[in-house]
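What follows is the content of run-v5.tsv, which has TSV, C-alpha atoms:
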```tsv
chain	number	residue	atom	x	y	z
R	1	MET	CA	8.35	-6.53	-15.61
R	2	SER	CA	11.40	-6.94	-13.33
R	3	GLU	CA	13.22	-3.87	-12.11
R	4	THR	CA	16.85	-3.15	-12.95
R	5	MET	CA	19.59	-0.71	-11.98
R	6	LYS	CA	18.34	1.63	-14.72
R	7	ASP	CA	14.98	2.00	-12.99
R	8	TYR	CA	16.75	3.74	-10.12
R	9	GLU	CA	19.21	5.72	-12.21
R	10	LYS	CA	18.02	9.17	-11.08
R	11	GLU	CA	17.93	8.25	-7.40
R	12	LEU	CA	21.38	6.69	-7.67
R	13	GLU	CA	22.85	9.77	-9.33
R	14	VAL	CA	21.63	11.98	-6.49
R	15	SER	CA	22.66	9.46	-3.85
R	16	TYR	CA	26.21	9.04	-5.15
R	17	GLN	CA	26.89	12.59	-6.37
R	18	GLU	CA	28.36	13.89	-3.13
R	19	MET	CA	30.54	10.83	-2.63
R	20	GLU	CA	31.80	10.92	-6.22
R	21	GLU	CA	33.03	14.46	-5.62
R	22	LYS	CA	35.21	13.20	-2.79
R	23	GLN	CA	36.73	10.11	-4.38
R	24	ASP	CA	37.39	8.55	-7.75
R	25	LEU	CA	34.90	5.70	-8.08
R	26	PHE	CA	36.33	4.71	-11.41
R	27	ALA	CA	39.87	4.10	-10.22
R	28	SER	CA	41.29	0.63	-10.67
R	29	MET	CA	40.32	-1.77	-7.91
R	30	SER	CA	42.85	-3.56	-5.79
R	31	GLU	CA	42.72	-7.35	-5.48
R	32	GLU	CA	41.05	-6.95	-2.09
R	33	GLU	CA	38.35	-4.71	-3.56
R	34	GLN	CA	37.80	-7.12	-6.42
R	35	ALA	CA	37.32	-9.93	-3.90
R	36	VAL	CA	34.72	-7.88	-2.02
R	37	TRP	CA	32.72	-7.15	-5.17
R	38	GLU	CA	32.94	-10.76	-6.27
R	39	GLU	CA	31.50	-11.75	-2.91
R	40	LEU	CA	28.66	-9.25	-3.36
R	41	LYS	CA	27.91	-10.72	-6.79
R	42	GLN	CA	27.76	-14.17	-5.23
R	43	MET	CA	25.43	-12.89	-2.51
R	44	LYS	CA	23.09	-11.64	-5.22
R	45	ASP	CA	23.14	-15.00	-7.00
R	46	ASP	CA	22.53	-16.88	-3.74
R	47	LYS	CA	19.86	-14.42	-2.52
R	48	THR	CA	21.80	-14.12	0.72
R	49	GLU	CA	20.08	-12.23	3.52
R	50	VAL	CA	22.21	-9.84	5.54
R	51	GLU	CA	21.33	-7.51	8.40
R	52	VAL	CA	22.37	-3.90	7.88
R	53	LYS	CA	21.99	-0.63	9.76
R	54	ILE	CA	20.48	2.38	7.98
R	55	LYS	CA	23.30	4.93	8.15
R	56	GLU	CA	21.78	7.78	6.17
R	57	ILE	CA	18.52	8.93	4.63
R	58	VAL	CA	18.96	10.44	1.16
R	59	LYS	CA	16.63	11.62	-1.59
R	60	GLY	CA	14.59	8.65	-2.78
R	61	GLY	CA	15.89	6.10	-0.31
R	62	ALA	CA	18.39	5.13	2.35
R	63	VAL	CA	22.05	4.17	2.64
R	64	ALA	CA	23.48	1.08	4.35
R	65	TYR	CA	26.79	-0.75	4.08
R	66	VAL	CA	27.50	-4.38	3.22
R	67	ASN	CA	31.09	-5.56	3.59
R	68	GLU	CA	32.01	-1.87	3.95
R	69	VAL	CA	30.53	-1.15	0.52
R	70	ARG	CA	28.01	1.66	0.30
R	71	GLY	CA	24.60	0.38	-0.75
R	72	PHE	CA	21.52	2.33	-1.80
R	73	ILE	CA	18.05	1.11	-0.76
R	74	PRO	CA	15.29	2.74	-2.87
R	75	ALA	CA	12.29	3.91	-0.85
R	76	SER	CA	10.11	1.37	-2.67
R	77	LYS	CA	12.39	-1.43	-1.46
R	78	LEU	CA	12.32	-0.56	2.24
R	79	SER	CA	8.82	-1.84	3.01
R	80	LEU	CA	5.80	-3.60	1.57
R	81	THR	CA	3.76	-0.43	1.96
R	82	TYR	CA	4.27	3.20	1.00
R	83	VAL	CA	6.40	4.95	3.61
R	84	GLU	CA	5.70	8.64	4.04
R	85	ASP	CA	8.60	9.60	6.28
R	86	LEU	CA	11.87	7.85	5.43
R	87	ASN	CA	13.51	9.32	8.53
R	88	GLU	CA	11.63	6.67	10.52
R	89	PHE	CA	14.22	4.21	9.21
R	90	GLN	CA	17.26	6.17	10.37
R	91	GLY	CA	19.42	3.93	12.58
R	92	GLN	CA	17.16	0.90	12.14
R	93	HIS	CA	18.55	-2.60	11.57
R	94	ILE	CA	16.82	-4.40	8.70
R	95	LYS	CA	17.43	-7.52	6.62
R	96	VAL	CA	18.25	-6.98	2.96
R	97	ARG	CA	19.47	-8.75	-0.14
R	98	VAL	CA	21.69	-7.53	-2.96
R	99	PHE	CA	19.10	-6.47	-5.53
R	100	GLU	CA	21.32	-5.10	-8.29
R	101	ILE	CA	25.05	-4.58	-8.69
R	102	ASP	CA	27.23	-2.52	-11.04
R	103	VAL	CA	30.82	-3.52	-10.37
R	104	GLN	CA	32.35	-1.25	-13.01
R	105	ASN	CA	30.85	1.86	-11.40
R	106	LYS	CA	30.99	0.45	-7.87
R	107	ARG	CA	27.28	0.81	-7.30
R	108	LEU	CA	25.14	-1.44	-5.17
R	109	ILE	CA	21.36	-1.55	-4.74
R	110	LEU	CA	19.89	-3.38	-1.74
R	111	SER	CA	16.31	-4.44	-1.04
R	112	ALA	CA	14.30	-5.55	1.98
R	113	LYS	CA	11.03	-5.92	0.07
R	114	GLU	CA	11.51	-9.45	-1.26
R	115	ILE	CA	12.35	-10.75	2.22
R	116	LEU	CA	9.26	-9.08	3.68
R	117	ARG	CA	7.06	-10.44	0.90
R	118	GLU	CA	8.29	-14.00	1.49
R	119	ALA	CA	7.65	-13.64	5.23
R	120	GLU	CA	4.13	-12.42	4.48
R	121	GLU	CA	3.46	-15.37	2.20
R	122	ALA	CA	4.78	-17.81	4.82
R	123	LYS	CA	2.46	-16.25	7.40
R	124	LYS	CA	-0.46	-16.57	4.99
R	125	GLN	CA	0.23	-20.27	4.43
R	126	GLU	CA	0.53	-20.82	8.16
R	127	GLU	CA	-2.87	-19.24	8.78
R	128	LEU	CA	-4.47	-21.09	5.86
R	129	ALA	CA	-3.34	-24.39	7.34
R	130	LYS	CA	-5.31	-23.64	10.51
R	131	ILE	CA	-8.70	-23.10	8.91
R	132	GLN	CA	-11.28	-25.40	7.33
R	133	VAL	CA	-14.35	-25.11	5.14
R	134	GLY	CA	-17.35	-24.52	7.39
R	135	THR	CA	-15.48	-22.37	9.90
R	136	VAL	CA	-17.35	-19.25	10.99
R	137	VAL	CA	-15.14	-16.16	10.93
R	138	LYS	CA	-15.40	-12.46	11.70
R	139	GLY	CA	-13.91	-9.57	9.81
R	140	VAL	CA	-14.24	-6.08	8.40
R	141	VAL	CA	-15.19	-5.07	4.86
R	142	ASP	CA	-12.11	-3.39	3.38
R	143	SER	CA	-12.91	-3.41	-0.36
R	144	ILE	CA	-16.11	-3.41	-2.39
R	145	LYS	CA	-16.30	-4.56	-6.01
R	146	PRO	CA	-19.26	-4.98	-8.39
R	147	TYR	CA	-19.08	-8.76	-7.86
R	148	GLY	CA	-18.75	-8.79	-4.07
R	149	ALA	CA	-16.98	-7.55	-0.96
R	150	PHE	CA	-13.53	-8.42	0.34
R	151	VAL	CA	-13.36	-8.96	4.06
R	152	LYS	CA	-10.20	-8.68	6.16
R	153	LEU	CA	-10.43	-11.44	8.75
R	154	GLU	CA	-9.22	-11.41	12.35
R	155	ASN	CA	-6.44	-13.87	11.51
R	156	GLY	CA	-5.00	-11.51	8.89
R	157	LEU	CA	-6.34	-13.34	5.82
R	158	SER	CA	-8.80	-11.87	3.35
R	159	GLY	CA	-11.83	-13.53	1.81
R	160	LEU	CA	-14.41	-12.70	-0.84
R	161	VAL	CA	-18.13	-12.63	-0.12
R	162	HIS	CA	-19.63	-12.91	-3.61
R	163	ILE	CA	-22.69	-10.70	-4.13
R	164	SER	CA	-24.83	-13.85	-4.39
R	165	GLN	CA	-23.68	-14.87	-0.90
R	166	ILE	CA	-24.42	-11.64	0.94
R	167	SER	CA	-28.18	-11.88	1.38
R	168	ASN	CA	-31.12	-14.23	0.81
R	169	ARG	CA	-32.66	-11.61	-1.43
R	170	ARG	CA	-31.26	-10.78	-4.86
R	171	LEU	CA	-29.05	-7.70	-4.76
R	172	LYS	CA	-28.33	-5.30	-7.59
R	173	THR	CA	-25.33	-3.82	-5.78
R	174	VAL	CA	-23.21	-4.85	-2.82
R	175	GLN	CA	-23.78	-1.44	-1.24
R	176	GLU	CA	-27.44	-2.26	-0.66
R	177	VAL	CA	-26.30	-4.29	2.34
R	178	LEU	CA	-22.60	-3.71	2.98
R	179	GLY	CA	-20.38	-0.65	3.34
R	180	MET	CA	-16.68	-0.06	3.88
R	181	GLY	CA	-15.65	-0.79	7.46
R	182	ASP	CA	-18.72	-2.89	8.26
R	183	GLU	CA	-18.09	-5.73	10.69
R	184	VAL	CA	-19.40	-9.04	9.36
R	185	THR	CA	-19.65	-12.68	10.37
R	186	ALA	CA	-19.43	-15.26	7.60
R	187	LYS	CA	-18.83	-18.92	6.90
R	188	ILE	CA	-15.87	-20.19	4.88
R	189	THR	CA	-17.39	-22.08	1.94
R	190	LYS	CA	-14.33	-22.71	-0.20
R	191	ILE	CA	-10.53	-22.68	0.02
R	192	GLN	CA	-8.85	-22.88	-3.35
R	193	ASP	CA	-5.38	-21.79	-4.50
R	194	GLY	CA	-4.91	-19.85	-1.29
R	195	LYS	CA	-8.13	-17.90	-1.79
R	196	LEU	CA	-11.08	-17.91	0.57
R	197	SER	CA	-14.73	-17.78	-0.45
R	198	LEU	CA	-17.10	-16.58	2.27
R	199	SER	CA	-20.87	-16.61	2.70
R	200	ILE	CA	-22.92	-14.42	4.99
R	201	LYS	CA	-26.13	-15.92	3.60
R	202	ALA	CA	-25.11	-19.42	4.71
R	203	LEU	CA	-25.39	-18.39	8.34
R	204	SER	CA	-28.97	-17.22	7.97
R	205	ASP	CA	-30.31	-20.06	5.82
R	206	GLY	CA	-28.51	-22.84	7.69
R	207	SER	CA	-26.44	-23.98	4.71
R	208	ASP	CA	-23.59	-26.18	5.84
R	209	SER	CA	-22.22	-27.74	2.71
R	210	GLU	CA	-20.17	-26.15	-0.03
R	211	GLU	CA	-22.51	-27.73	-2.57
R	212	GLN	CA	-25.36	-25.50	-1.41
R	213	VAL	CA	-23.34	-22.41	-2.22
R	214	THR	CA	-23.49	-21.10	-5.81
R	215	ASP	CA	-20.21	-21.87	-7.52
R	216	TYR	CA	-18.31	-18.88	-8.85
R	217	GLU	CA	-14.76	-18.01	-9.71
R	218	ILE	CA	-12.77	-15.35	-7.90
R	219	PRO	CA	-11.14	-12.99	-10.44
R	220	LYS	CA	-7.54	-14.07	-10.96
R	221	SER	CA	-6.32	-10.50	-10.78
R	222	GLN	CA	-7.48	-10.16	-7.19
R	223	GLU	CA	-4.84	-11.17	-4.66
R	224	LEU	CA	-6.01	-12.42	-1.30
R	225	THR	CA	-3.16	-12.11	1.16
R	226	THR	CA	-2.37	-11.74	4.81
R	227	SER	CA	-2.27	-8.32	6.34
R	228	LEU	CA	1.33	-8.75	7.51
R	229	GLY	CA	2.14	-5.73	5.37
R	230	SER	CA	-0.19	-3.70	7.61
R	231	LEU	CA	2.35	-4.15	10.39
R	232	PHE	CA	4.29	-1.48	8.54
R	233	ALA	CA	1.30	0.81	8.08
R	234	ASN	CA	2.50	3.01	10.92
R	235	ILE	CA	5.66	3.66	8.94
R	236	LYS	CA	5.02	6.63	6.73
R	237	LEU	CA	6.94	7.28	3.50
R	238	ASP	CA	8.53	10.44	2.19
R	239	GLU	CA	9.42	11.05	-1.44
```

As structure tokens, what does this structure read like?
Amino acid sequence: MSETMKDYEKELEVSYQEMEEKQDLFASMSEEEQAVWEELKQMKDDKTEVEVKIKEIVKGGAVAYVNEVRGFIPASKLSLTYVEDLNEFQGQHIKVRVFEIDVQNKRLILSAKEILREAEEAKKQEELAKIQVGTVVKGVVDSIKPYGAFVKLENGLSGLVHISQISNRRLKTVQEVLGMGDEVTAKITKIQDGKLSLSIKALSDGSDSEEQVTDYEIPKSQELTTSLGSLFANIKLDE
């Protein structure tokens, strides 16, 4: 479900309260003001990227200005990951888009998240283009499911080692062999729809072809992405 201005109503009220006490936001706009807001509307339609400087940290987000118009950036729109301390963003220059706009009440919501997500996806595709089936890779187990283990690779991609591809012996649970944080070496056995299938077993039994690996389907709900978002892991987020 897509987010709207209403989703950030409480944060906006707090963010704009002090300013509303100082000036009448509902006064009639001049022609120049109307032109500015029309331009902002066009920027939203065109998904225009603009670099802004974080001027102020407020409850639930940050404040930046576009065309001298005060914009609110919700905490959830500042990064791809949860940020514990918003003050880390104070004074930073970041790229944003107009996310939502309320011309009547002169309110503007900005977002950096979509830009970051697109950059992450581009990085993923770039890394995918470099690899081939049969490549031996190294990584660390970062998630364990009943059907297998997800491994974060050195190139930033993630791949699934299905439980049937972990060991030559039949396993009841993944944990019989693998644990969180374990370093593993595996062979890429399949690349489909941007998802990687890995096999540890293939390295021990000498299997080279994809045909020798049991065919299985990776759950559609599981996203395999780059770890570009982890570049922001050192940024901690505050409510």

Taking into account all atoms listed in the file, which residue in the set R:Ser111, R:Thr48, R:Asn168, R:Thr135 is nearest to Lys77 (chain R)?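 Selected residue with least distance to Lys77 (chain R): R:Ser111.
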
Kindly indicate which residue among R:Ser204, R:Gly194, R:Thr189, R:Glu33 lies nearest to Gln104 (chain R), using only C-alpha atoms for the distances.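 Checking each candidate against Gln104 (chain R), we get R:Glu33 as the closest.
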
In Å and to one decimal, CA of Glu154 (chain R) is distant from CA of Tyr82 (chain R) by 22.9 Å

Enter the distance from CA of Gly148 (chain R) to CA of Leu80 (chain R), in Å, rounded to one decimal.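 According to the coordinates, CA of Gly148 (chain R) and CA of Leu80 (chain R) are separated by 25.7 Å.
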
Separation of CA of Ala112 (chain R) from CA of Arg97 (chain R), in Å and rounded to one decimal: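 Atom-to-atom, CA of Ala112 (chain R) and CA of Arg97 (chain R) are spaced 6.4 Å apart.
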
Nearest to Ile166 (chain R) among R:Ala62, R:Leu110, R:Val184, R:Val140, with distances taken over all atoms listed in the file: which residue is it? R:Val184

Closest of R:Pro146, R:Gly60, R:Gly181, R:Gly71 to Asp85 (chain R) - atom-to-atom distances counting only C-alpha atoms: R:Gly60

Distance criterion (only C-alpha atoms): nearest to Leu157 (chain R) out of R:Asn87, R:Thr81, R:Ser197, R:Thr173: R:Ser197

Just checking: using all atoms listed in the file, which residue out of R:Leu78, R:Val137, R:Val151, R:Leu86 ends up closest to Glu114 (chain R)?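 Comparing R:Leu78, R:Val137, R:Val151, R:Leu86 against Glu114 (chain R), the winner is R:Leu78.
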
Find the residues near Lys190 (chain R): any atom within 9 Å, counting only C-alpha atoms, skip ones fewer than 3 places away on the same chain, and give them as a list in words.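 The filter keeps Gln132, Val133, Gly134, Lys195, Leu196, Ser197, Leu198 and Glu210 of chain R.
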
Can you pull out every residue within 10 Å of Val69 (chain R), counting all atoms listed in the file, but drop anything in the same chain fewer than 2 positions away, and send it as JSON, numbers by chain? {"R": [33, 36, 37, 40, 64, 65, 66, 67, 71, 72, 106, 107, 108]}
